[in-house]
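Peer 1: So here's start_22.txt, just compact mmCIF, N, CA and C atoms and all ligand atoms:
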```txt
# COMPACT_ATOMS: atom_id res chain seq x y z
N MET A 1 13.71 -33.15 -11.80
CA MET A 1 13.83 -33.79 -13.12
C MET A 1 14.58 -32.84 -14.07
N ASP A 2 15.55 -33.35 -14.81
CA ASP A 2 16.28 -32.47 -15.71
C ASP A 2 15.46 -32.18 -16.98
N THR A 3 15.81 -31.08 -17.64
CA THR A 3 14.99 -30.61 -18.76
C THR A 3 14.99 -31.59 -19.93
N LYS A 4 16.10 -32.33 -20.07
CA LYS A 4 16.18 -33.28 -21.17
C LYS A 4 15.16 -34.41 -20.98
N THR A 5 15.11 -34.94 -19.77
CA THR A 5 14.14 -35.99 -19.46
C THR A 5 12.72 -35.48 -19.62
N LEU A 6 12.49 -34.27 -19.12
CA LEU A 6 11.16 -33.68 -19.22
C LEU A 6 10.74 -33.51 -20.68
N ALA A 7 11.67 -33.05 -21.51
CA ALA A 7 11.38 -32.87 -22.93
C ALA A 7 11.06 -34.20 -23.60
N GLN A 8 11.80 -35.24 -23.19
CA GLN A 8 11.58 -36.57 -23.75
C GLN A 8 10.19 -37.10 -23.36
N LEU A 9 9.83 -36.93 -22.09
CA LEU A 9 8.52 -37.38 -21.63
C LEU A 9 7.40 -36.59 -22.31
N ARG A 10 7.64 -35.29 -22.52
CA ARG A 10 6.64 -34.47 -23.19
C ARG A 10 6.43 -34.96 -24.63
N ARG A 11 7.52 -35.30 -25.31
CA ARG A 11 7.39 -35.82 -26.67
C ARG A 11 6.57 -37.11 -26.68
N GLU A 12 6.87 -38.00 -25.71
CA GLU A 12 6.11 -39.25 -25.62
C GLU A 12 4.63 -38.99 -25.43
N LEU A 13 4.32 -38.07 -24.52
CA LEU A 13 2.92 -37.75 -24.23
C LEU A 13 2.24 -37.11 -25.43
N GLU A 14 2.96 -36.22 -26.11
CA GLU A 14 2.35 -35.55 -27.27
C GLU A 14 2.09 -36.52 -28.40
N THR A 15 3.03 -37.47 -28.58
CA THR A 15 2.83 -38.50 -29.61
C THR A 15 1.61 -39.34 -29.27
N GLU A 16 1.54 -39.77 -28.00
CA GLU A 16 0.41 -40.61 -27.60
C GLU A 16 -0.90 -39.84 -27.71
N GLN A 17 -0.86 -38.56 -27.32
CA GLN A 17 -2.07 -37.75 -27.40
C GLN A 17 -2.57 -37.65 -28.85
N ALA A 18 -1.64 -37.40 -29.77
CA ALA A 18 -2.01 -37.28 -31.19
C ALA A 18 -2.61 -38.59 -31.71
N GLU A 19 -2.00 -39.72 -31.29
CA GLU A 19 -2.50 -41.03 -31.72
C GLU A 19 -3.90 -41.29 -31.17
N LEU A 20 -4.08 -40.95 -29.88
CA LEU A 20 -5.38 -41.18 -29.25
C LEU A 20 -6.46 -40.32 -29.91
N ILE A 21 -6.13 -39.07 -30.19
CA ILE A 21 -7.09 -38.18 -30.83
C ILE A 21 -7.49 -38.73 -32.20
N ALA A 22 -6.49 -39.19 -32.96
CA ALA A 22 -6.76 -39.74 -34.29
C ALA A 22 -7.63 -40.98 -34.20
N THR A 23 -7.27 -41.89 -33.27
CA THR A 23 -8.04 -43.13 -33.11
C THR A 23 -9.46 -42.84 -32.67
N LEU A 24 -9.61 -41.98 -31.67
CA LEU A 24 -10.95 -41.68 -31.15
C LEU A 24 -11.82 -41.00 -32.20
N THR A 25 -11.24 -40.06 -32.93
CA THR A 25 -12.00 -39.36 -33.96
C THR A 25 -12.51 -40.34 -35.01
N THR A 26 -11.63 -41.25 -35.43
CA THR A 26 -12.01 -42.25 -36.44
C THR A 26 -13.08 -43.20 -35.89
N ARG A 27 -12.84 -43.72 -34.67
CA ARG A 27 -13.79 -44.68 -34.10
C ARG A 27 -15.15 -44.06 -33.84
N LEU A 28 -15.16 -42.84 -33.34
CA LEU A 28 -16.45 -42.18 -33.07
C LEU A 28 -17.22 -42.00 -34.37
N ARG A 29 -16.50 -41.72 -35.43
CA ARG A 29 -17.18 -41.52 -36.71
C ARG A 29 -17.65 -42.84 -37.29
N GLU A 30 -16.75 -43.85 -37.29
CA GLU A 30 -17.08 -45.10 -37.97
C GLU A 30 -17.98 -46.01 -37.15
N ASP A 31 -17.74 -46.09 -35.84
CA ASP A 31 -18.52 -47.01 -35.01
C ASP A 31 -19.77 -46.36 -34.44
N TRP A 32 -19.75 -45.06 -34.26
CA TRP A 32 -20.87 -44.42 -33.56
C TRP A 32 -21.51 -43.30 -34.39
N GLU A 33 -21.00 -43.15 -35.61
CA GLU A 33 -21.53 -42.13 -36.52
C GLU A 33 -21.59 -40.75 -35.88
N ARG A 34 -20.54 -40.43 -35.14
CA ARG A 34 -20.47 -39.09 -34.55
C ARG A 34 -19.35 -38.32 -35.23
N GLU A 35 -19.67 -37.11 -35.58
CA GLU A 35 -18.70 -36.27 -36.27
C GLU A 35 -17.88 -35.51 -35.24
N CYS A 36 -16.60 -35.81 -35.15
CA CYS A 36 -15.79 -35.24 -34.07
C CYS A 36 -14.58 -34.46 -34.56
N ASP A 37 -14.52 -34.19 -35.84
CA ASP A 37 -13.33 -33.52 -36.37
C ASP A 37 -13.10 -32.15 -35.76
N ASN A 38 -14.17 -31.50 -35.36
CA ASN A 38 -14.01 -30.13 -34.84
C ASN A 38 -14.05 -30.03 -33.32
N LEU A 39 -14.08 -31.20 -32.67
CA LEU A 39 -14.12 -31.16 -31.21
C LEU A 39 -12.73 -30.87 -30.65
N ASN A 40 -12.69 -30.13 -29.55
CA ASN A 40 -11.41 -29.99 -28.86
C ASN A 40 -11.17 -31.22 -27.98
N VAL A 41 -10.00 -31.30 -27.38
CA VAL A 41 -9.62 -32.51 -26.64
C VAL A 41 -10.59 -32.78 -25.50
N THR A 42 -10.98 -31.75 -24.77
CA THR A 42 -11.88 -31.92 -23.64
C THR A 42 -13.22 -32.52 -24.08
N ASP A 43 -13.77 -32.01 -25.19
CA ASP A 43 -15.04 -32.53 -25.68
C ASP A 43 -14.90 -33.95 -26.22
N LEU A 44 -13.78 -34.21 -26.84
CA LEU A 44 -13.51 -35.55 -27.35
C LEU A 44 -13.46 -36.56 -26.20
N ILE A 45 -12.83 -36.17 -25.09
CA ILE A 45 -12.77 -37.02 -23.90
C ILE A 45 -14.18 -37.27 -23.37
N LYS A 46 -14.97 -36.20 -23.25
CA LYS A 46 -16.34 -36.33 -22.74
C LYS A 46 -17.17 -37.24 -23.63
N GLU A 47 -17.07 -37.03 -24.92
CA GLU A 47 -17.82 -37.83 -25.90
C GLU A 47 -17.47 -39.32 -25.75
N SER A 48 -16.17 -39.61 -25.65
CA SER A 48 -15.71 -41.00 -25.54
C SER A 48 -16.16 -41.63 -24.24
N GLN A 49 -16.11 -40.85 -23.16
CA GLN A 49 -16.45 -41.40 -21.85
C GLN A 49 -17.94 -41.62 -21.68
N SER A 50 -18.74 -41.06 -22.59
CA SER A 50 -20.18 -41.29 -22.52
C SER A 50 -20.55 -42.60 -23.21
N LEU A 51 -19.59 -43.26 -23.83
CA LEU A 51 -19.85 -44.50 -24.56
C LEU A 51 -19.24 -45.69 -23.82
N PRO A 52 -19.81 -46.89 -24.04
CA PRO A 52 -19.30 -48.06 -23.32
C PRO A 52 -18.06 -48.68 -23.98
N GLY A 53 -17.38 -49.54 -23.23
CA GLY A 53 -16.36 -50.41 -23.81
C GLY A 53 -15.02 -49.75 -24.07
N ALA A 54 -14.37 -50.24 -25.12
CA ALA A 54 -12.98 -49.87 -25.39
C ALA A 54 -12.82 -48.37 -25.62
N ILE A 55 -13.81 -47.78 -26.25
CA ILE A 55 -13.68 -46.36 -26.58
C ILE A 55 -13.64 -45.51 -25.31
N ARG A 56 -14.35 -45.98 -24.30
CA ARG A 56 -14.33 -45.31 -23.01
C ARG A 56 -12.94 -45.36 -22.37
N CYS A 57 -12.29 -46.53 -22.49
CA CYS A 57 -10.92 -46.69 -21.97
C CYS A 57 -9.97 -45.75 -22.69
N LEU A 58 -10.14 -45.64 -24.00
CA LEU A 58 -9.29 -44.72 -24.77
C LEU A 58 -9.53 -43.29 -24.32
N GLY A 59 -10.79 -42.96 -24.04
CA GLY A 59 -11.12 -41.63 -23.54
C GLY A 59 -10.48 -41.37 -22.19
N ASP A 60 -10.52 -42.37 -21.31
CA ASP A 60 -9.89 -42.24 -19.99
C ASP A 60 -8.39 -42.02 -20.13
N ARG A 61 -7.80 -42.77 -21.06
CA ARG A 61 -6.36 -42.65 -21.28
C ARG A 61 -6.01 -41.25 -21.82
N LEU A 62 -6.83 -40.79 -22.76
CA LEU A 62 -6.58 -39.46 -23.31
C LEU A 62 -6.70 -38.39 -22.22
N GLU A 63 -7.65 -38.57 -21.33
CA GLU A 63 -7.81 -37.63 -20.22
C GLU A 63 -6.54 -37.58 -19.36
N LYS A 64 -5.99 -38.75 -19.09
CA LYS A 64 -4.78 -38.85 -18.28
C LYS A 64 -3.59 -38.19 -18.98
N VAL A 65 -3.44 -38.51 -20.27
CA VAL A 65 -2.33 -37.96 -21.05
C VAL A 65 -2.46 -36.43 -21.13
N ASP A 66 -3.69 -35.98 -21.37
CA ASP A 66 -3.94 -34.54 -21.48
C ASP A 66 -3.65 -33.84 -20.15
N ALA A 67 -4.06 -34.49 -19.04
CA ALA A 67 -3.81 -33.91 -17.72
C ALA A 67 -2.30 -33.77 -17.45
N SER A 68 -1.54 -34.78 -17.90
CA SER A 68 -0.09 -34.72 -17.69
C SER A 68 0.54 -33.59 -18.49
N LEU A 69 0.06 -33.40 -19.72
CA LEU A 69 0.59 -32.30 -20.54
C LEU A 69 0.23 -30.95 -19.92
N CYS A 70 -0.98 -30.83 -19.39
CA CYS A 70 -1.38 -29.59 -18.70
C CYS A 70 -0.47 -29.36 -17.48
N ALA A 71 -0.19 -30.44 -16.74
CA ALA A 71 0.67 -30.33 -15.56
C ALA A 71 2.06 -29.84 -15.96
N MET A 72 2.54 -30.29 -17.12
CA MET A 72 3.84 -29.81 -17.60
C MET A 72 3.79 -28.31 -17.86
N ASP A 73 2.70 -27.85 -18.46
CA ASP A 73 2.56 -26.42 -18.72
C ASP A 73 2.54 -25.62 -17.42
N LEU A 74 1.92 -26.20 -16.40
CA LEU A 74 1.81 -25.52 -15.10
C LEU A 74 3.04 -25.76 -14.22
N GLU A 75 3.97 -26.54 -14.76
CA GLU A 75 5.19 -26.89 -14.03
C GLU A 75 4.92 -27.62 -12.72
N ILE A 76 3.89 -28.43 -12.72
CA ILE A 76 3.64 -29.30 -11.56
C ILE A 76 3.70 -30.76 -11.98
N TYR A 77 4.27 -31.00 -13.14
CA TYR A 77 4.36 -32.38 -13.64
C TYR A 77 5.26 -33.22 -12.73
N GLY A 78 4.82 -34.47 -12.50
CA GLY A 78 5.62 -35.38 -11.67
C GLY A 78 5.23 -35.34 -10.20
N LEU A 79 4.25 -34.47 -9.88
CA LEU A 79 3.76 -34.44 -8.50
C LEU A 79 2.46 -35.24 -8.41
N CYS A 80 2.31 -35.98 -7.33
CA CYS A 80 1.14 -36.82 -7.12
C CYS A 80 -0.13 -35.97 -7.07
N ALA A 81 -1.17 -36.39 -7.78
CA ALA A 81 -2.42 -35.64 -7.81
C ALA A 81 -3.13 -35.64 -6.46
N ASP A 82 -2.83 -36.60 -5.63
CA ASP A 82 -3.49 -36.69 -4.33
C ASP A 82 -2.70 -36.02 -3.21
N CYS A 83 -1.42 -36.35 -3.09
CA CYS A 83 -0.67 -35.87 -1.93
C CYS A 83 0.45 -34.91 -2.31
N GLU A 84 0.64 -34.68 -3.60
CA GLU A 84 1.63 -33.73 -4.10
C GLU A 84 3.07 -34.10 -3.80
N SER A 85 3.31 -35.35 -3.41
CA SER A 85 4.71 -35.76 -3.29
C SER A 85 5.24 -36.14 -4.67
N GLN A 86 6.56 -36.22 -4.78
CA GLN A 86 7.19 -36.48 -6.06
C GLN A 86 6.96 -37.93 -6.50
N ILE A 87 6.48 -38.12 -7.72
CA ILE A 87 6.34 -39.47 -8.28
C ILE A 87 7.73 -39.93 -8.73
N PRO A 88 8.15 -41.15 -8.37
CA PRO A 88 9.50 -41.60 -8.75
C PRO A 88 9.70 -41.54 -10.27
N LEU A 89 10.89 -41.12 -10.68
CA LEU A 89 11.18 -40.96 -12.09
C LEU A 89 11.01 -42.28 -12.85
N SER A 90 11.36 -43.39 -12.18
CA SER A 90 11.24 -44.70 -12.84
C SER A 90 9.78 -44.98 -13.22
N ASP A 91 8.84 -44.53 -12.37
CA ASP A 91 7.41 -44.70 -12.67
C ASP A 91 7.01 -43.88 -13.88
N LEU A 92 7.54 -42.65 -13.94
CA LEU A 92 7.19 -41.76 -15.05
C LEU A 92 7.82 -42.25 -16.36
N MET A 93 8.98 -42.88 -16.26
CA MET A 93 9.61 -43.44 -17.46
C MET A 93 8.78 -44.61 -17.99
N GLN A 94 8.18 -45.34 -17.05
CA GLN A 94 7.35 -46.48 -17.44
C GLN A 94 6.03 -46.01 -18.04
N ASP A 95 5.41 -45.01 -17.40
CA ASP A 95 4.17 -44.43 -17.89
C ASP A 95 4.24 -42.93 -17.65
N ALA A 96 4.49 -42.20 -18.75
CA ALA A 96 4.68 -40.75 -18.63
C ALA A 96 3.42 -40.05 -18.15
N ALA A 97 2.28 -40.73 -18.21
CA ALA A 97 1.02 -40.11 -17.79
C ALA A 97 0.63 -40.52 -16.37
N GLU A 98 1.56 -41.11 -15.63
CA GLU A 98 1.25 -41.50 -14.25
C GLU A 98 0.90 -40.28 -13.41
N GLN A 99 -0.19 -40.37 -12.65
CA GLN A 99 -0.67 -39.21 -11.89
C GLN A 99 -0.47 -39.34 -10.38
N ARG A 100 -0.11 -40.55 -9.93
CA ARG A 100 -0.08 -40.73 -8.48
C ARG A 100 1.20 -41.42 -8.02
N CYS A 101 1.61 -41.09 -6.81
CA CYS A 101 2.77 -41.75 -6.22
C CYS A 101 2.38 -43.19 -5.84
N PRO A 102 3.38 -44.06 -5.63
CA PRO A 102 3.08 -45.47 -5.33
C PRO A 102 2.15 -45.64 -4.13
N GLN A 103 2.34 -44.82 -3.07
CA GLN A 103 1.50 -44.93 -1.87
C GLN A 103 0.04 -44.67 -2.20
N CYS A 104 -0.22 -43.58 -2.93
CA CYS A 104 -1.60 -43.22 -3.25
C CYS A 104 -2.22 -44.22 -4.24
N ARG A 105 -1.39 -44.74 -5.14
CA ARG A 105 -1.90 -45.76 -6.06
C ARG A 105 -2.38 -46.95 -5.27
N THR A 106 -1.60 -47.37 -4.27
CA THR A 106 -1.95 -48.53 -3.46
C THR A 106 -3.23 -48.26 -2.68
N SER A 107 -3.33 -47.09 -2.05
CA SER A 107 -4.52 -46.84 -1.23
C SER A 107 -5.74 -46.63 -2.11
N ASN A 108 -5.57 -46.03 -3.29
CA ASN A 108 -6.67 -45.90 -4.24
C ASN A 108 -7.21 -47.26 -4.63
N TYR A 109 -6.27 -48.13 -4.93
CA TYR A 109 -6.60 -49.46 -5.41
C TYR A 109 -7.44 -50.22 -4.40
N TYR A 110 -7.10 -50.08 -3.14
CA TYR A 110 -7.80 -50.87 -2.14
C TYR A 110 -8.99 -50.18 -1.50
N HIS A 111 -8.99 -48.84 -1.46
CA HIS A 111 -10.01 -48.18 -0.64
C HIS A 111 -10.99 -47.29 -1.40
N HIS A 112 -10.53 -46.64 -2.47
CA HIS A 112 -11.34 -45.55 -2.99
C HIS A 112 -12.19 -45.89 -4.20
N ASP A 113 -11.71 -46.79 -5.03
CA ASP A 113 -12.36 -47.01 -6.31
C ASP A 113 -13.07 -48.36 -6.33
N PRO A 114 -14.39 -48.38 -6.19
CA PRO A 114 -15.11 -49.66 -6.13
C PRO A 114 -14.89 -50.51 -7.38
N ALA A 115 -14.77 -49.89 -8.55
CA ALA A 115 -14.57 -50.64 -9.78
C ALA A 115 -13.23 -51.37 -9.74
N GLN A 116 -12.20 -50.66 -9.27
CA GLN A 116 -10.88 -51.27 -9.14
C GLN A 116 -10.91 -52.41 -8.14
N ARG A 117 -11.67 -52.19 -7.05
CA ARG A 117 -11.71 -53.21 -6.01
C ARG A 117 -12.36 -54.49 -6.54
N ARG A 118 -13.40 -54.31 -7.36
CA ARG A 118 -14.03 -55.49 -7.95
C ARG A 118 -13.04 -56.27 -8.80
N VAL A 119 -12.24 -55.54 -9.57
CA VAL A 119 -11.23 -56.20 -10.39
C VAL A 119 -10.26 -56.96 -9.51
N ALA A 120 -9.88 -56.33 -8.37
CA ALA A 120 -8.89 -56.92 -7.49
C ALA A 120 -9.40 -58.20 -6.85
N THR A 121 -10.72 -58.26 -6.55
CA THR A 121 -11.25 -59.44 -5.87
C THR A 121 -11.84 -60.45 -6.86
N ASP A 122 -11.85 -60.09 -8.14
CA ASP A 122 -12.36 -61.00 -9.15
C ASP A 122 -11.48 -62.25 -9.22
N PRO A 123 -12.09 -63.45 -9.12
CA PRO A 123 -11.28 -64.68 -9.09
C PRO A 123 -10.49 -64.95 -10.37
N HIS A 124 -10.87 -64.33 -11.50
CA HIS A 124 -10.11 -64.60 -12.72
C HIS A 124 -8.78 -63.91 -12.65
ZN ZN A 201 0.53 -39.46 -3.44
```
Would you mind writing the file's structure down as structure tokens?
Ligand SMILES: [Zn+2]

Peer 2:
Amino acid sequence: MDTKTLAQLRRELETEQAELIATLTTRLREDWERECDNLNVTDLIKESQSLPGAIRCLGDRLEKVDASLCAMDLEIYGLCADCESQIPLSDLMQDAAEQRCPQCRTSNYYHHDPAQRRVATDPH
């Protein structure tokens, strides 16, 4: 991946991370009366994931975005979290926080994650 593309993806992730942190901090305070202004990102993720519903999804998303930014710092960004093969650039352009190659996404979807499997077999 060229440095220009990488810088662009990093900006996207940083923007999304800032938005998620702002949203989660506000929601935790207003909906759950939890004071989160001084929490770091890791604690904010944990706090959100301990709650049900939409806030949990936001926490999961923040975890993914944060993991991608960490991967950039470690210079392993764009490698699949499961098999370490290169994630196609088109996938990363679509979702800069993508963590898995298409093969692992497919096998995860069908074999590893019972929650995902329920969604897949849900008649709706
Ligand atoms: Zn993979």

Peer 1: Taking only C-alpha atoms and all ligand atoms into account, which residues have an atom no farther than 8 Å from ligand ZN 201 (chain A)? I'd like them as a PyMOL selection string.

Peer 2: chain A and resi 79-87+100-105

Peer 1: One number please: atom C of Ala67 (chain A) to atom C of Arg29 (chain A), in Å, one decimal.

Peer 2: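 It comes out at 26.7 Å.
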
Peer 1: Can you measure CA of Leu44 (chain A) to CA of Leu62 (chain A) for me? One decimal in Å is fine.

Peer 2: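 Calculated distance between CA of Leu44 (chain A) and CA of Leu62 (chain A) is 8.9 Å.
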
Peer 1: Any idea what the distance is between atom C of Glu47 (chain A) and CA of Glu33 (chain A)?

Peer 2: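 So the answer is 11.8 Å.
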
Peer 1: Show me, as a list in words, the residues that have an atom within 8 Å of region 4-16 of chain A when counting all atoms listed in the file, minus same-chain residues fewer than 5 positions from it.

Peer 2: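 Skipping anything fewer than 5 positions along the chain leaves Ile21, Ala22, Arg61, Leu62, Val65, Asp66, Ser68, Leu69, Met72, Leu92, Met93, Ala96 and Ala97 of chain A.
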
Peer 1: Name the residues of region 43-90 of chain A that fall into helix (DSSP H, G or I) according to DSSP on the backbone, using the chain letters and numbers of this document, as a ChimeraX atom specification.

Peer 2: /A:43-49,54-73,89-90

Peer 1: Using the atoms already present, construct N, CA, C and O atoms for region 43-58 of chain A and hand them back as a PDB file, keeping the file's coordinate frame.

Peer 2:
```pdb
ATOM      1  N   ASP A  43     -13.770 -32.010 -25.190  1.00  0.00           N
ATOM      2  CA  ASP A  43     -15.040 -32.530 -25.680  1.00  0.00           C
ATOM      3  C   ASP A  43     -14.900 -33.950 -26.220  1.00  0.00           C
ATOM      4  O   ASP A  43     -15.803 -34.777 -26.061  1.00  0.00           O
ATOM      5  N   LEU A  44     -13.780 -34.210 -26.840  1.00  0.00           N
ATOM      6  CA  LEU A  44     -13.510 -35.550 -27.350  1.00  0.00           C
ATOM      7  C   LEU A  44     -13.460 -36.560 -26.200  1.00  0.00           C
ATOM      8  O   LEU A  44     -13.992 -37.670 -26.295  1.00  0.00           O
ATOM      9  N   ILE A  45     -12.830 -36.170 -25.090  1.00  0.00           N
ATOM     10  CA  ILE A  45     -12.770 -37.020 -23.900  1.00  0.00           C
ATOM     11  C   ILE A  45     -14.180 -37.270 -23.370  1.00  0.00           C
ATOM     12  O   ILE A  45     -14.583 -38.404 -23.110  1.00  0.00           O
ATOM     13  N   LYS A  46     -14.970 -36.200 -23.250  1.00  0.00           N
ATOM     14  CA  LYS A  46     -16.340 -36.330 -22.740  1.00  0.00           C
ATOM     15  C   LYS A  46     -17.170 -37.240 -23.630  1.00  0.00           C
ATOM     16  O   LYS A  46     -17.905 -38.109 -23.145  1.00  0.00           O
ATOM     17  N   GLU A  47     -17.070 -37.030 -24.920  1.00  0.00           N
ATOM     18  CA  GLU A  47     -17.820 -37.830 -25.900  1.00  0.00           C
ATOM     19  C   GLU A  47     -17.470 -39.320 -25.750  1.00  0.00           C
ATOM     20  O   GLU A  47     -18.339 -40.164 -25.703  1.00  0.00           O
ATOM     21  N   SER A  48     -16.170 -39.610 -25.650  1.00  0.00           N
ATOM     22  CA  SER A  48     -15.710 -41.000 -25.540  1.00  0.00           C
ATOM     23  C   SER A  48     -16.160 -41.630 -24.240  1.00  0.00           C
ATOM     24  O   SER A  48     -16.542 -42.799 -24.208  1.00  0.00           O
ATOM     25  N   GLN A  49     -16.110 -40.850 -23.160  1.00  0.00           N
ATOM     26  CA  GLN A  49     -16.450 -41.400 -21.850  1.00  0.00           C
ATOM     27  C   GLN A  49     -17.940 -41.620 -21.680  1.00  0.00           C
ATOM     28  O   GLN A  49     -18.374 -42.277 -20.750  1.00  0.00           O
ATOM     29  N   SER A  50     -18.740 -41.060 -22.590  1.00  0.00           N
ATOM     30  CA  SER A  50     -20.180 -41.290 -22.520  1.00  0.00           C
ATOM     31  C   SER A  50     -20.550 -42.600 -23.210  1.00  0.00           C
ATOM     32  O   SER A  50     -21.704 -43.014 -23.199  1.00  0.00           O
ATOM     33  N   LEU A  51     -19.590 -43.260 -23.830  1.00  0.00           N
ATOM     34  CA  LEU A  51     -19.850 -44.500 -24.560  1.00  0.00           C
ATOM     35  C   LEU A  51     -19.240 -45.690 -23.820  1.00  0.00           C
ATOM     36  O   LEU A  51     -18.292 -45.528 -23.061  1.00  0.00           O
ATOM     37  N   PRO A  52     -19.810 -46.890 -24.040  1.00  0.00           N
ATOM     38  CA  PRO A  52     -19.300 -48.060 -23.320  1.00  0.00           C
ATOM     39  C   PRO A  52     -18.060 -48.680 -23.980  1.00  0.00           C
ATOM     40  O   PRO A  52     -17.763 -48.398 -25.141  1.00  0.00           O
ATOM     41  N   GLY A  53     -17.380 -49.540 -23.230  1.00  0.00           N
ATOM     42  CA  GLY A  53     -16.360 -50.410 -23.810  1.00  0.00           C
ATOM     43  C   GLY A  53     -15.020 -49.750 -24.070  1.00  0.00           C
ATOM     44  O   GLY A  53     -14.607 -48.846 -23.360  1.00  0.00           O
ATOM     45  N   ALA A  54     -14.370 -50.240 -25.120  1.00  0.00           N
ATOM     46  CA  ALA A  54     -12.980 -49.870 -25.390  1.00  0.00           C
ATOM     47  C   ALA A  54     -12.820 -48.370 -25.620  1.00  0.00           C
ATOM     48  O   ALA A  54     -11.822 -47.780 -25.220  1.00  0.00           O
ATOM     49  N   ILE A  55     -13.810 -47.780 -26.250  1.00  0.00           N
ATOM     50  CA  ILE A  55     -13.680 -46.360 -26.580  1.00  0.00           C
ATOM     51  C   ILE A  55     -13.640 -45.510 -25.310  1.00  0.00           C
ATOM     52  O   ILE A  55     -12.959 -44.497 -25.232  1.00  0.00           O
ATOM     53  N   ARG A  56     -14.350 -45.980 -24.300  1.00  0.00           N
ATOM     54  CA  ARG A  56     -14.330 -45.310 -23.010  1.00  0.00           C
ATOM     55  C   ARG A  56     -12.940 -45.360 -22.370  1.00  0.00           C
ATOM     56  O   ARG A  56     -12.447 -44.378 -21.820  1.00  0.00           O
ATOM     57  N   CYS A  57     -12.290 -46.530 -22.490  1.00  0.00           N
ATOM     58  CA  CYS A  57     -10.920 -46.690 -21.970  1.00  0.00           C
ATOM     59  C   CYS A  57      -9.970 -45.750 -22.690  1.00  0.00           C
ATOM     60  O   CYS A  57      -9.094 -45.143 -22.063  1.00  0.00           O
ATOM     61  N   LEU A  58     -10.140 -45.640 -24.000  1.00  0.00           N
ATOM     62  CA  LEU A  58      -9.290 -44.720 -24.770  1.00  0.00           C
ATOM     63  C   LEU A  58      -9.530 -43.290 -24.320  1.00  0.00           C
ATOM     64  O   LEU A  58      -8.592 -42.495 -24.214  1.00  0.00           O
TER      65      LEU A  58
END
```
